[in-house]
file structure.cif (mmCIF, C-alpha atoms)
data_query
loop_
_atom_site.group_PDB
_atom_site.id
_atom_site.type_symbol
_atom_site.label_atom_id
_atom_site.label_comp_id
_atom_site.auth_asym_id
_atom_site.auth_seq_id
_atom_site.Cartn_x
_atom_site.Cartn_y
_atom_site.Cartn_z
ATOM 1 C CA LYS A 1 113.094 86.694 113.643
ATOM 2 C CA GLY A 2 113.056 86.648 109.904
ATOM 3 C CA GLY A 3 111.451 83.211 109.599
ATOM 4 C CA THR A 4 112.992 80.114 108.068
ATOM 5 C CA HIS A 5 112.384 77.927 105.041
ATOM 6 C CA SER A 6 112.801 74.200 104.732
ATOM 7 C CA ALA A 7 114.979 72.898 101.917
ATOM 8 C CA ALA A 8 111.869 71.820 100.035
ATOM 9 C CA ARG A 9 110.266 75.235 100.428
ATOM 10 C CA ALA A 10 113.426 77.042 99.275
ATOM 11 C CA SER A 11 113.628 74.765 96.249
ATOM 12 C CA THR A 12 110.022 75.464 95.375
ATOM 13 C CA VAL A 13 110.391 79.246 95.672
ATOM 14 C CA ALA A 14 113.488 79.176 93.475
ATOM 15 C CA ARG A 15 111.782 77.264 90.649
ATOM 16 C CA TRP A 16 111.066 79.402 87.569
ATOM 17 C CA GLY A 17 108.372 79.199 84.948
ATOM 18 C CA THR A 18 106.042 76.897 86.878
ATOM 19 C CA SER A 19 102.900 77.145 88.972
ATOM 20 C CA ARG A 20 102.997 76.384 92.640
ATOM 21 C CA PRO A 21 100.639 76.569 95.650
ATOM 22 C CA THR A 22 101.214 79.179 98.351
ATOM 23 C CA ASN A 23 99.257 80.252 101.409
ATOM 24 C CA HIS A 24 97.730 82.884 99.158
ATOM 25 C CA GLY A 25 96.603 80.791 96.197
ATOM 26 C CA TRP A 26 98.210 79.683 92.966
ATOM 27 C CA ILE A 27 100.766 81.993 91.387
ATOM 28 C CA LYS A 28 102.053 81.230 87.924
ATOM 29 C CA ARG A 29 105.733 81.983 87.468
ATOM 30 C CA ASN A 30 106.278 84.452 84.682
ATOM 31 C CA PRO A 31 108.624 83.334 81.895
ATOM 32 C CA THR A 32 108.452 86.750 80.201
ATOM 33 C CA GLU A 33 110.017 88.362 83.238
ATOM 34 C CA THR A 34 113.416 87.597 81.798
ATOM 35 C CA ALA A 35 112.674 90.057 78.986
ATOM 36 C CA ALA A 36 113.628 92.848 81.406
ATOM 37 C CA ILE A 37 117.187 93.375 80.166
ATOM 38 C CA PHE A 38 118.180 96.803 81.512
ATOM 39 C CA CYS A 39 116.850 99.282 84.098
ATOM 40 C CA HIS A 40 117.932 102.223 86.378
ATOM 41 C CA SER A 41 118.546 103.489 89.981
ATOM 42 C CA SER A 42 121.528 103.717 92.226
ATOM 43 C CA SER A 43 122.428 101.538 95.196
ATOM 44 C CA ARG A 44 120.717 102.960 98.245
ATOM 45 C CA THR A 45 119.113 102.008 101.511
ATOM 46 C CA CYS A 46 115.372 102.653 101.717
ATOM 47 C CA PHE A 47 113.587 102.960 105.035
ATOM 48 C CA SER A 48 109.936 103.390 105.868
ATOM 49 C CA THR A 49 108.832 106.298 108.030
ATOM 50 C CA SER A 50 106.320 104.040 109.776
ATOM 51 C CA THR A 51 107.527 102.142 112.837
ATOM 52 C CA THR A 52 106.204 99.448 115.124
ATOM 53 C CA SER A 53 107.090 98.362 118.633
ATOM 54 C CA SER A 54 106.658 94.677 117.867
ATOM 55 C CA SER A 55 110.037 92.946 117.525
ATOM 56 C CA SER A 56 108.495 90.277 115.308
ATOM 57 C CA SER A 57 107.479 92.848 112.710
ATOM 58 C CA SER A 58 110.906 94.296 111.986
ATOM 59 C CA LEU A 59 114.307 93.136 110.862
ATOM 60 C CA ALA A 60 116.833 92.479 113.611
ATOM 61 C CA ASN A 61 119.817 94.824 113.767
ATOM 62 C CA ASN A 62 122.038 92.098 112.307
ATOM 63 C CA GLN A 63 119.717 91.360 109.366
ATOM 64 C CA ARG A 64 119.175 93.131 106.064
ATOM 65 C CA LEU A 65 117.157 92.713 102.889
ATOM 66 C CA GLU A 66 119.007 93.307 99.619
ATOM 67 C CA LEU A 67 117.259 93.869 96.286
ATOM 68 C CA TYR A 68 119.377 93.566 93.149
ATOM 69 C CA GLN A 69 117.770 95.478 90.300
ATOM 70 C CA TYR A 70 117.793 97.337 87.022
ATOM 71 C CA ALA A 71 115.874 100.486 87.799
ATOM 72 C CA ILE A 72 113.652 100.772 84.706
ATOM 73 C CA CYS A 73 112.856 97.055 84.818
ATOM 74 C CA PRO A 74 109.071 96.755 85.338
ATOM 75 C CA PHE A 75 109.475 93.566 87.384
ATOM 76 C CA CYS A 76 112.045 95.156 89.677
ATOM 77 C CA ASN A 77 109.737 98.109 90.143
ATOM 78 C CA LYS A 78 106.689 96.063 90.965
ATOM 79 C CA THR A 79 108.805 94.326 93.617
ATOM 80 C CA LYS A 80 109.875 97.685 95.028
ATOM 81 C CA ALA A 81 106.269 98.871 95.087
ATOM 82 C CA PHE A 82 105.441 95.948 97.387
ATOM 83 C CA LEU A 83 108.449 96.677 99.614
ATOM 84 C CA ASP A 84 107.661 100.388 99.796
ATOM 85 C CA TYR A 85 103.994 99.868 100.607
ATOM 86 C CA SER A 86 104.865 97.288 103.250
ATOM 87 C CA GLY A 87 107.280 99.742 104.845
ATOM 88 C CA LEU A 88 110.148 97.272 104.715
ATOM 89 C CA PRO A 89 113.734 98.539 104.963
ATOM 90 C CA TYR A 90 115.818 97.269 102.078
ATOM 91 C CA ASN A 91 119.025 97.982 100.233
ATOM 92 C CA ALA A 92 118.447 98.561 96.492
ATOM 93 C CA ILE A 93 121.582 97.636 94.566
ATOM 94 C CA GLU A 94 121.921 98.606 90.918
ATOM 95 C CA VAL A 95 123.415 95.823 88.824
ATOM 96 C CA ASN A 96 125.832 96.553 85.993
ATOM 97 C CA PRO A 97 123.996 94.895 83.071
ATOM 98 C CA LEU A 98 127.242 94.236 81.198
ATOM 99 C CA THR A 99 129.303 92.542 83.923
ATOM 100 C CA LYS A 100 126.661 91.646 86.558
ATOM 101 C CA GLN A 101 129.477 91.889 89.090
ATOM 102 C CA GLU A 102 127.037 92.747 91.868
ATOM 103 C CA ILE A 103 125.366 89.323 91.644
ATOM 104 C CA LYS A 104 128.474 87.212 91.107
ATOM 105 C CA TRP A 105 127.578 85.416 94.347
ATOM 106 C CA SER A 106 124.517 83.940 92.576
ATOM 107 C CA LYS A 107 125.984 81.112 90.542
ATOM 108 C CA ASP A 108 122.819 79.590 89.082
ATOM 109 C CA TYR A 109 120.664 82.696 88.546
ATOM 110 C CA ARG A 110 121.937 85.791 86.740
ATOM 111 C CA LYS A 111 118.765 87.830 86.313
ATOM 112 C CA VAL A 112 116.950 90.535 88.228
ATOM 113 C CA PRO A 113 115.088 91.157 90.401
ATOM 114 C CA LEU A 114 116.966 89.050 92.897
ATOM 115 C CA ALA A 115 116.483 89.418 96.652
ATOM 116 C CA ARG A 116 118.599 88.189 99.526
ATOM 117 C CA HIS A 117 117.820 88.204 103.254
ATOM 118 C CA VAL A 118 121.170 88.031 105.025
ATOM 119 C CA THR A 119 122.334 87.933 108.642
ATOM 120 C CA THR A 120 125.556 89.410 110.006
ATOM 121 C CA VAL A 121 127.279 87.640 112.912
ATOM 122 C CA ASP A 122 130.362 89.202 114.544
ATOM 123 C CA ASP A 123 130.655 91.693 111.656
ATOM 124 C CA THR A 124 130.696 88.821 109.145
ATOM 125 C CA THR A 125 127.868 88.423 106.658
ATOM 126 C CA SER A 126 126.535 84.878 106.492
ATOM 127 C CA ILE A 127 125.922 84.356 102.766
ATOM 128 C CA ASP A 128 125.572 80.582 103.004
ATOM 129 C CA GLY A 129 122.606 80.887 105.344
ATOM 130 C CA ALA A 130 120.892 83.672 103.412
ATOM 131 C CA ILE A 131 117.373 83.239 102.077
ATOM 132 C CA VAL A 132 117.334 84.015 98.348
ATOM 133 C CA TRP A 133 114.271 84.729 96.215
ATOM 134 C CA LYS A 134 114.526 84.794 92.417
ATOM 135 C CA GLY A 135 112.077 86.831 90.361
ATOM 136 C CA SER A 136 109.466 89.390 91.372
ATOM 137 C CA ASP A 137 106.615 87.006 92.151
ATOM 138 C CA ALA A 138 108.879 84.666 94.135
ATOM 139 C CA ILE A 139 110.187 87.619 96.160
ATOM 140 C CA VAL A 140 106.680 88.815 97.059
ATOM 141 C CA ASP A 141 105.456 85.272 97.790
ATOM 142 C CA GLY A 142 108.521 84.549 99.904
ATOM 143 C CA LEU A 143 108.201 87.741 101.923
ATOM 144 C CA LEU A 144 104.534 87.019 102.569
ATOM 145 C CA GLN A 145 105.688 83.909 104.445
ATOM 146 C CA GLN A 146 107.740 86.012 106.887
ATOM 147 C CA GLU A 147 106.161 87.092 110.166
ATOM 148 C CA TRP A 148 108.105 90.359 110.252
ATOM 149 C CA VAL A 149 106.448 91.218 106.928
ATOM 150 C CA THR A 150 102.897 90.040 107.577
ATOM 151 C CA GLU A 151 102.708 91.866 110.922
ATOM 152 C CA ARG A 152 103.589 95.128 109.216
ATOM 153 C CA LEU A 153 101.010 94.513 106.501
ATOM 154 C CA LYS A 154 98.257 93.703 108.967
ATOM 155 C CA ASP A 155 98.889 97.025 110.712
ATOM 156 C CA LYS A 156 98.923 98.827 107.371
ATOM 157 C CA LEU A 157 95.736 97.241 106.030
ATOM 158 C CA GLY A 158 93.745 97.641 109.211
ATOM 159 C CA ASP A 159 90.071 96.930 108.542
ATOM 160 C CA ALA A 160 90.341 97.576 104.778
ATOM 161 C CA MET A 161 90.904 93.915 103.932
ATOM 162 C CA SER A 162 92.431 90.717 105.246
ATOM 163 C CA LEU A 163 95.957 89.658 104.422
ATOM 164 C CA GLU A 164 94.537 86.897 102.235
ATOM 165 C CA GLU A 165 92.410 89.390 100.266
ATOM 166 C CA PHE A 166 95.449 91.620 99.872
ATOM 167 C CA ALA A 167 97.571 88.785 98.452
ATOM 168 C CA GLU A 168 95.098 86.801 96.320
ATOM 169 C CA GLN A 169 95.330 88.929 93.191
ATOM 170 C CA ALA A 170 96.613 86.572 90.520
ATOM 171 C CA GLU A 171 94.483 88.269 87.836
ATOM 172 C CA TRP A 172 96.177 91.676 88.131
ATOM 173 C CA VAL A 173 99.644 90.221 88.700
ATOM 174 C CA GLU A 174 99.288 88.118 85.558
ATOM 175 C CA TYR A 175 97.943 91.150 83.682
ATOM 176 C CA THR A 176 101.071 93.086 84.661
ATOM 177 C CA ASN A 177 103.447 90.230 83.850
ATOM 178 C CA GLN A 178 101.947 89.049 80.596
ATOM 179 C CA LYS A 179 100.466 92.200 79.065
ATOM 180 C CA LEU A 180 101.501 95.542 80.561
ATOM 181 C CA ALA A 181 105.190 94.858 81.238
ATOM 182 C CA VAL A 182 105.613 93.185 77.856
ATOM 183 C CA LEU A 183 104.612 96.415 76.081
ATOM 184 C CA LEU A 184 106.621 98.926 78.108
ATOM 185 C CA TYR A 185 110.044 98.336 76.535
ATOM 186 C CA PRO A 186 108.791 98.459 72.921
ATOM 187 C CA ASN A 187 107.127 101.792 73.748
ATOM 188 C CA LEU A 188 110.096 103.096 75.711
ATOM 189 C CA CYS A 189 112.640 102.130 73.041
ATOM 190 C CA PRO A 190 110.956 102.215 69.615
ATOM 191 C CA THR A 191 114.169 103.619 68.091
ATOM 192 C CA LEU A 192 117.878 103.455 68.940
ATOM 193 C CA SER A 193 117.900 107.118 69.922
ATOM 194 C CA ASP A 194 114.958 106.558 72.285
ATOM 195 C CA SER A 195 116.799 103.630 73.823
ATOM 196 C CA TYR A 196 119.933 105.730 74.255
ATOM 197 C CA ARG A 197 117.925 108.423 76.038
ATOM 198 C CA ALA A 198 116.420 105.783 78.324
ATOM 199 C CA PHE A 199 119.930 104.882 79.446
ATOM 200 C CA ALA A 200 120.682 108.402 80.665
ATOM 201 C CA TYR A 201 120.003 107.031 84.169
ATOM 202 C CA VAL A 202 123.500 105.525 84.348
ATOM 203 C CA ASN A 203 124.958 109.015 84.751
ATOM 204 C CA SER A 204 123.320 109.220 88.184
ATOM 205 C CA VAL A 205 124.586 105.881 89.505
ATOM 206 C CA PRO A 206 127.553 106.804 91.732
ATOM 207 C CA GLU A 207 128.814 103.222 91.917
ATOM 208 C CA PHE A 208 129.498 103.190 88.166
ATOM 209 C CA SER A 209 132.753 104.723 86.937
ATOM 210 C CA GLY A 210 132.868 107.105 84.005
ATOM 211 C CA TRP A 211 133.974 104.336 81.653
ATOM 212 C CA GLN A 212 131.288 101.993 82.958
ATOM 213 C CA ARG A 213 128.632 104.627 82.343
ATOM 214 C CA PHE A 214 129.884 105.164 78.796
ATOM 215 C CA TRP A 215 129.903 101.477 77.888
ATOM 216 C CA ILE A 216 126.652 100.635 79.658
ATOM 217 C CA ARG A 217 124.842 103.439 77.875
ATOM 218 C CA SER A 218 126.414 102.687 74.480
ATOM 219 C CA ILE A 219 126.111 98.904 74.477
ATOM 220 C CA GLY A 220 123.062 98.768 76.699
ATOM 221 C CA ALA A 221 121.019 101.070 74.499
ATOM 222 C CA PHE A 222 121.599 98.837 71.488
ATOM 223 C CA ALA A 223 120.909 95.654 73.487
ATOM 224 C CA MET A 224 117.653 97.015 74.903
ATOM 225 C CA TYR A 225 116.518 98.201 71.476
ATOM 226 C CA MET A 226 117.158 94.713 70.087
ATOM 227 C CA ALA A 227 115.406 93.114 73.080
ATOM 228 C CA ALA A 228 112.362 95.333 72.521
ATOM 229 C CA SER A 229 112.344 94.304 68.860
ATOM 230 C CA ARG A 230 112.433 90.631 69.840
ATOM 231 C CA VAL A 231 109.527 91.165 72.220
ATOM 232 C CA LYS A 232 107.494 92.705 69.393
ATOM 233 C CA LYS A 233 108.273 89.777 67.129
ATOM 234 C CA LYS A 234 107.556 87.151 69.791
ATOM 235 C CA HIS A 235 104.173 88.639 70.689
ATOM 236 C CA GLN A 236 103.362 89.642 67.086
ATOM 237 C CA ILE A 237 103.001 93.317 67.984
ATOM 238 C CA GLN A 238 102.520 95.446 64.868
ATOM 239 C CA ASP A 239 101.832 98.801 66.527
ATOM 240 C CA GLU A 240 103.257 98.979 70.052
ATOM 241 C CA ARG A 241 101.470 102.234 70.923
ATOM 242 C CA GLN A 242 98.055 100.957 69.876
ATOM 243 C CA ALA A 243 98.678 97.679 71.712
ATOM 244 C CA LEU A 244 99.570 99.580 74.899
ATOM 245 C CA GLU A 245 96.474 101.751 74.627
ATOM 246 C CA GLU A 246 94.302 98.643 74.353
ATOM 247 C CA VAL A 247 95.964 96.995 77.350
ATOM 248 C CA LEU A 248 95.544 100.116 79.503
ATOM 249 C CA GLU A 249 91.792 100.010 78.968
ATOM 250 C CA LYS A 250 91.497 97.195 81.514
ATOM 251 C CA PRO A 251 92.471 99.183 84.649
ATOM 252 C CA VAL A 252 90.760 102.328 83.339
ATOM 253 C CA GLN A 253 87.469 100.519 82.819
ATOM 254 C CA HIS A 254 87.770 98.707 86.148
ATOM 255 C CA LEU A 255 88.308 101.951 88.069
ATOM 256 C CA THR A 256 85.560 103.779 86.149
ATOM 257 C CA ARG A 257 83.004 100.990 86.391
ATOM 258 C CA ASN A 258 83.475 100.497 90.125
ATOM 259 C CA GLY A 259 84.049 104.142 91.021
ATOM 260 C CA ALA A 260 86.901 102.882 93.174
ATOM 261 C CA LYS A 261 89.992 104.603 94.494
ATOM 262 C CA PHE A 262 92.039 101.468 93.898
ATOM 263 C CA LEU A 263 91.805 98.315 91.817
ATOM 264 C CA SER A 264 91.126 96.541 95.104
ATOM 265 C CA GLY A 265 87.838 98.390 95.441
ATOM 266 C CA ARG A 266 88.844 99.166 99.032
ATOM 267 C CA SER A 267 90.419 102.042 100.914
ATOM 268 C CA GLU A 268 93.839 100.391 100.594
ATOM 269 C CA PRO A 269 95.568 98.937 97.505
ATOM 270 C CA HIS A 270 96.216 95.221 97.110
ATOM 271 C CA VAL A 271 99.031 93.274 95.463
ATOM 272 C CA GLY A 272 97.422 93.861 92.052
ATOM 273 C CA ASP A 273 97.493 97.643 92.517
ATOM 274 C CA LEU A 274 101.136 97.442 93.541
ATOM 275 C CA ALA A 275 102.060 95.337 90.510
ATOM 276 C CA VAL A 276 100.430 97.674 87.968
ATOM 277 C CA PHE A 277 101.712 100.793 89.723
ATOM 278 C CA GLY A 278 105.240 99.434 90.017
ATOM 279 C CA ALA A 279 105.462 98.653 86.307
ATOM 280 C CA LEU A 280 104.296 102.168 85.407
ATOM 281 C CA ARG A 281 106.539 103.819 88.003
ATOM 282 C CA GLY A 282 109.528 102.194 86.316
ATOM 283 C CA ILE A 283 109.111 104.581 83.375
ATOM 284 C CA GLN A 284 108.415 107.647 85.513
ATOM 285 C CA GLY A 285 109.560 110.920 83.982
ATOM 286 C CA THR A 286 109.561 109.575 80.430
ATOM 287 C CA PRO A 287 107.427 110.966 77.585
ATOM 288 C CA ILE A 288 105.514 107.707 77.293
ATOM 289 C CA GLN A 289 104.492 107.741 80.962
ATOM 290 C CA ARG A 290 103.385 111.384 80.770
ATOM 291 C CA GLU A 291 101.295 110.559 77.705
ATOM 292 C CA ILE A 292 99.735 107.533 79.404
ATOM 293 C CA LEU A 293 98.590 109.562 82.413
ATOM 294 C CA GLU A 294 97.659 112.798 80.636
ATOM 295 C CA GLN A 295 95.295 110.958 78.303
ATOM 296 C CA ARG A 296 93.687 108.927 81.107
ATOM 297 C CA PRO A 297 92.556 111.162 84.008
ATOM 298 C CA VAL A 298 91.063 108.211 85.910
ATOM 299 C CA LEU A 299 94.363 106.347 85.759
ATOM 300 C CA ALA A 300 96.309 109.513 86.611
ATOM 301 C CA GLU A 301 94.225 110.036 89.754
ATOM 302 C CA TRP A 302 94.727 106.398 90.763
ATOM 303 C CA TYR A 303 98.469 106.796 90.170
ATOM 304 C CA ARG A 304 98.553 109.888 92.397
ATOM 305 C CA ARG A 305 96.750 108.043 95.193
ATOM 306 C CA MET A 306 99.197 105.150 94.846
ATOM 307 C CA GLU A 307 102.139 107.543 95.138
ATOM 308 C CA GLU A 308 100.661 108.895 98.357
ATOM 309 C CA LYS A 309 100.220 105.397 99.767
ATOM 310 C CA LEU A 310 103.821 104.490 98.956
ATOM 311 C CA GLN A 311 105.445 107.672 100.225
ATOM 312 C CA ARG A 312 108.265 106.731 102.565
#
call {"tool": "encode", "arguments": {"input": "structure.cif", "output": "structure tokens"}}
result
Amino acid sequence: KGGTHSAARASTVARWGTSRPTNHGWIKRNPTETAAIFCHSSSRTCFSTSTTSSSSSSLANNQRLELYQYAICPFCNKTKAFLDYSGLPYNAIEVNPLTKQEIKWSKDYRKVPLARHVTTVDDTTSIDGAIVWKGSDAIVDGLLQQEWVTERLKDKLGDAMSLEEFAEQAEWVEYTNQKLAVLLYPNLCPTLSDSYRAFAYVNSVPEFSGWQRFWIRSIGAFAMYMAASRVKKKHQIQDERQALEEVLEKPVQHLTRNGAKFLSGRSEPHVGDLAVFGALRGIQGTPIQREILEQRPVLAEWYRRMEEKLQR
């Protein structure tokens, strides 16, 4: 029901930092994705309100999709935007960034996002036979090979666009990976106190104990501040706010020039819309996100429409 992968296919999907062909064109693996050090959101099960009678377009009762995440990680959030739009049920599991206990089962890959499609037989979860996707682009590409995913998407897209048109959006995915996401942490954590405030999310993660919350926020804030500083140095960013403003001109100009509701230019968003929206949703409720949207009415209206499309 969930589709299968050959050993060669699984090996290809798991490879990081390379380009590879898919049914939807060439996608370049994003080496900067590993810059996402810490993020927020509690472990929870998410279900779409939309349903379908086709057994091929839904997970079997003994199957589940797990997404291991940091909740303010832009790459985790662009993955969740795809899952939410597709109406796929999934279990979002917050990873302790200090111990990474939640992903101890993954011996060779200790980063997020990390997704696992598992099957339970006789109340026993079959980990050995699980399909694992590593990294946001690999997760989306892998899911687009599954019939239970593509059938849902076809119903969702209707006559707005084909599945191929929905998926072939390397330009906007690369824009999100290489430009937008790179600038979010430096703008979210320009100082240690800003970084500490960003880690307030840990107080709402029920799976973390009081001591875990204290240490994650204390150590994590410093680590994320240092990571943001390294990103600035690596990309030679002198003024992170000015750099972000320049990068945001691309979607603003695209939406203005085309008078479109979405970056897709259609009545439904495509993978590029979901990538950009997901990265920005990861900083929802923060001063920097409010500033981004308040100063750009065209982008704010697009963001509102995206929220409506992804409502579960």
call {"tool": "atom_distance", "arguments": {"input": "structure.cif", "atom1": "CA of Ile103 (chain A)", "atom2": "CA of Leu67 (chain A)"}}
result
10.4 Å
call {"tool": "resolve_selection", "arguments": {"input": "structure.cif", "expression": "the PyMOL selection byres ((chain A and resi 290-304) around 8)", "output": "ChimeraX atom specification"}}
result
/A:251-252,255-256,261-262,277,284-289,305-308
call {"tool": "closest_residue", "arguments": {"input": "structure.cif", "among": "A:Asp108, A:Glu245, A:Glu151, A:Asp84", "to": "Lys309 (chain A)", "atoms": "only C-alpha atoms"}}
result
A:Asp84
call {"tool": "residues_around", "arguments": {"input": "structure.cif", "residues": "region 184-186 of chain A", "least_positions_apart": "4", "cutoff": "8 Å", "atoms": "only C-alpha atoms", "output": "PDB file with C-alpha atoms, in the coordinates of the input"}}
result
ATOM      1  CA  PRO A  74     109.071  96.755  85.338  1.00  0.00           C
ATOM      2  CA  LEU A 180     101.501  95.542  80.561  1.00  0.00           C
ATOM      3  CA  PRO A 190     110.956 102.215  69.615  1.00  0.00           C
ATOM      4  CA  MET A 224     117.653  97.015  74.903  1.00  0.00           C
ATOM      5  CA  TYR A 225     116.518  98.201  71.476  1.00  0.00           C
ATOM      6  CA  ALA A 228     112.362  95.333  72.521  1.00  0.00           C
ATOM      7  CA  SER A 229     112.344  94.304  68.860  1.00  0.00           C
ATOM      8  CA  VAL A 231     109.527  91.165  72.220  1.00  0.00           C
ATOM      9  CA  LYS A 232     107.494  92.705  69.393  1.00  0.00           C
ATOM     10  CA  GLU A 240     103.257  98.979  70.052  1.00  0.00           C
ATOM     11  CA  LEU A 244      99.570  99.580  74.899  1.00  0.00           C
TER      12      LEU A 244
END
call {"tool": "closest_residue", "arguments": {"input": "structure.cif", "among": "A:Val271, A:Ile237, A:Ala181, A:Ile216", "to": "Glu165 (chain A)", "atoms": "all atoms listed in the file"}}
result
A:Val271
call {"tool": "resolve_selection", "arguments": {"input": "structure.cif", "expression": "the PyMOL selection byres ((chain A and resi 86) around 10)", "output": "VMD selection string"}}
result
chain A and resid 48 50 80 to 85 87 to 89 149 to 157 309 to 310
call {"tool": "closest_residue", "arguments": {"input": "structure.cif", "among": "A:Asn258, A:Gln63, A:Val247, A:Ala221", "to": "Trp148 (chain A)", "atoms": "all atoms listed in the file"}}
result
A:Gln63
call {"tool": "residues_around", "arguments": {"input": "structure.cif", "residues": "Lys100 (chain A)", "least_positions_apart": "5", "cutoff": "9 Å", "atoms": "all atoms listed in the file", "output": "number ranges by chain"}}
result
A: 95, 110-111
call {"tool": "residues_around", "arguments": {"input": "structure.cif", "residues": "region 140-144 of chain A", "least_positions_apart": "3", "cutoff": "8 Å", "atoms": "only C-alpha atoms", "output": "ChimeraX atom specification"}}
result
/A:13,22,79,82,133,136-137,147,149-150
call {"tool": "write_last_selection", "arguments": {"input": "structure.cif", "atoms": "C-alpha atoms", "output": "compact mmCIF listing (two decimals), keeping the file's coordinate frame"}}
result
# COMPACT_ATOMS: atom_id res chain seq x y z
CA VAL A 13 110.39 79.25 95.67
CA THR A 22 101.21 79.18 98.35
CA THR A 79 108.80 94.33 93.62
CA PHE A 82 105.44 95.95 97.39
CA TRP A 133 114.27 84.73 96.22
CA SER A 136 109.47 89.39 91.37
CA ASP A 137 106.62 87.01 92.15
CA GLU A 147 106.16 87.09 110.17
CA VAL A 149 106.45 91.22 106.93
CA THR A 150 102.90 90.04 107.58
call {"tool": "atom_distance", "arguments": {"input": "structure.cif", "atom1": "CA of Ser267 (chain A)", "atom2": "CA of Gln253 (chain A)"}}
result
18.4 Å
call {"tool": "resolve_selection", "arguments": {"input": "structure.cif", "expression": "the PyMOL selection byres ((chain A and resi 192) around 7)", "output": "ChimeraX atom specification"}}
result
/A:189,191,193-196,221-222,225
call {"tool": "closest_residue", "arguments": {"input": "structure.cif", "among": "A:Gly210, A:Gly278, A:Gly220, A:Gly135", "to": "Thr99 (chain A)", "atoms": "only C-alpha atoms"}}
result
A:Gly220
call {"tool": "atom_distance", "arguments": {"input": "structure.cif", "atom1": "CA of Leu263 (chain A)", "atom2": "CA of Cys73 (chain A)"}}
result
22.2 Å
call {"tool": "build_atoms", "arguments": {"input": "structure.cif", "residues": "region 97-101 of chain A", "atoms": "all heavy atoms", "output": "PDB file, in the coordinates of the input"}}
result
ATOM      1  N   PRO A  97     124.569  95.901  83.981  1.00  0.00           N
ATOM      2  CA  PRO A  97     123.996  94.895  83.071  1.00  0.00           C
ATOM      3  C   PRO A  97     125.026  94.232  82.157  1.00  0.00           C
ATOM      4  O   PRO A  97     124.734  93.198  81.564  1.00  0.00           O
ATOM      5  CB  PRO A  97     122.981  95.706  82.261  1.00  0.00           C
ATOM      6  CG  PRO A  97     123.495  97.101  82.317  1.00  0.00           C
ATOM      7  CD  PRO A  97     124.130  97.264  83.659  1.00  0.00           C
ATOM      8  N   LEU A  98     126.214  94.814  82.051  1.00  0.00           N
ATOM      9  CA  LEU A  98     127.242  94.236  81.198  1.00  0.00           C
ATOM     10  C   LEU A  98     128.075  93.180  81.929  1.00  0.00           C
ATOM     11  O   LEU A  98     128.388  92.123  81.370  1.00  0.00           O
ATOM     12  CB  LEU A  98     128.162  95.333  80.644  1.00  0.00           C
ATOM     13  CG  LEU A  98     127.472  96.453  79.849  1.00  0.00           C
ATOM     14  CD1 LEU A  98     128.516  97.405  79.287  1.00  0.00           C
ATOM     15  CD2 LEU A  98     126.601  95.886  78.745  1.00  0.00           C
ATOM     16  N   THR A  99     128.447  93.472  83.174  1.00  0.00           N
ATOM     17  CA  THR A  99     129.303  92.542  83.923  1.00  0.00           C
ATOM     18  C   THR A  99     128.546  91.722  84.957  1.00  0.00           C
ATOM     19  O   THR A  99     128.983  90.629  85.317  1.00  0.00           O
ATOM     20  CB  THR A  99     130.414  93.319  84.652  1.00  0.00           C
ATOM     21  OG1 THR A  99     129.812  94.158  85.669  1.00  0.00           O
ATOM     22  CG2 THR A  99     131.199  94.193  83.696  1.00  0.00           C
ATOM     23  N   LYS A 100     127.440  92.282  85.490  1.00  0.00           N
ATOM     24  CA  LYS A 100     126.661  91.646  86.558  1.00  0.00           C
ATOM     25  C   LYS A 100     127.552  91.281  87.751  1.00  0.00           C
ATOM     26  O   LYS A 100     127.319  90.296  88.453  1.00  0.00           O
ATOM     27  CB  LYS A 100     125.918  90.415  86.032  1.00  0.00           C
ATOM     28  CG  LYS A 100     124.945  90.750  84.914  1.00  0.00           C
ATOM     29  CD  LYS A 100     124.065  89.586  84.522  1.00  0.00           C
ATOM     30  CE  LYS A 100     123.091  89.988  83.418  1.00  0.00           C
ATOM     31  NZ  LYS A 100     122.210  88.882  83.019  1.00  0.00           N
ATOM     32  N   GLN A 101     128.537  92.111  88.003  1.00  0.00           N
ATOM     33  CA  GLN A 101     129.477  91.889  89.090  1.00  0.00           C
ATOM     34  C   GLN A 101     128.778  91.844  90.443  1.00  0.00           C
ATOM     35  O   GLN A 101     129.174  91.091  91.338  1.00  0.00           O
ATOM     36  CB  GLN A 101     130.535  93.007  89.090  1.00  0.00           C
ATOM     37  CG  GLN A 101     131.547  92.961  90.225  1.00  0.00           C
ATOM     38  CD  GLN A 101     132.541  91.829  90.079  1.00  0.00           C
ATOM     39  OE1 GLN A 101     132.651  91.247  89.000  1.00  0.00           O
ATOM     40  NE2 GLN A 101     133.237  91.508  91.147  1.00  0.00           N
TER      41      GLN A 101
END
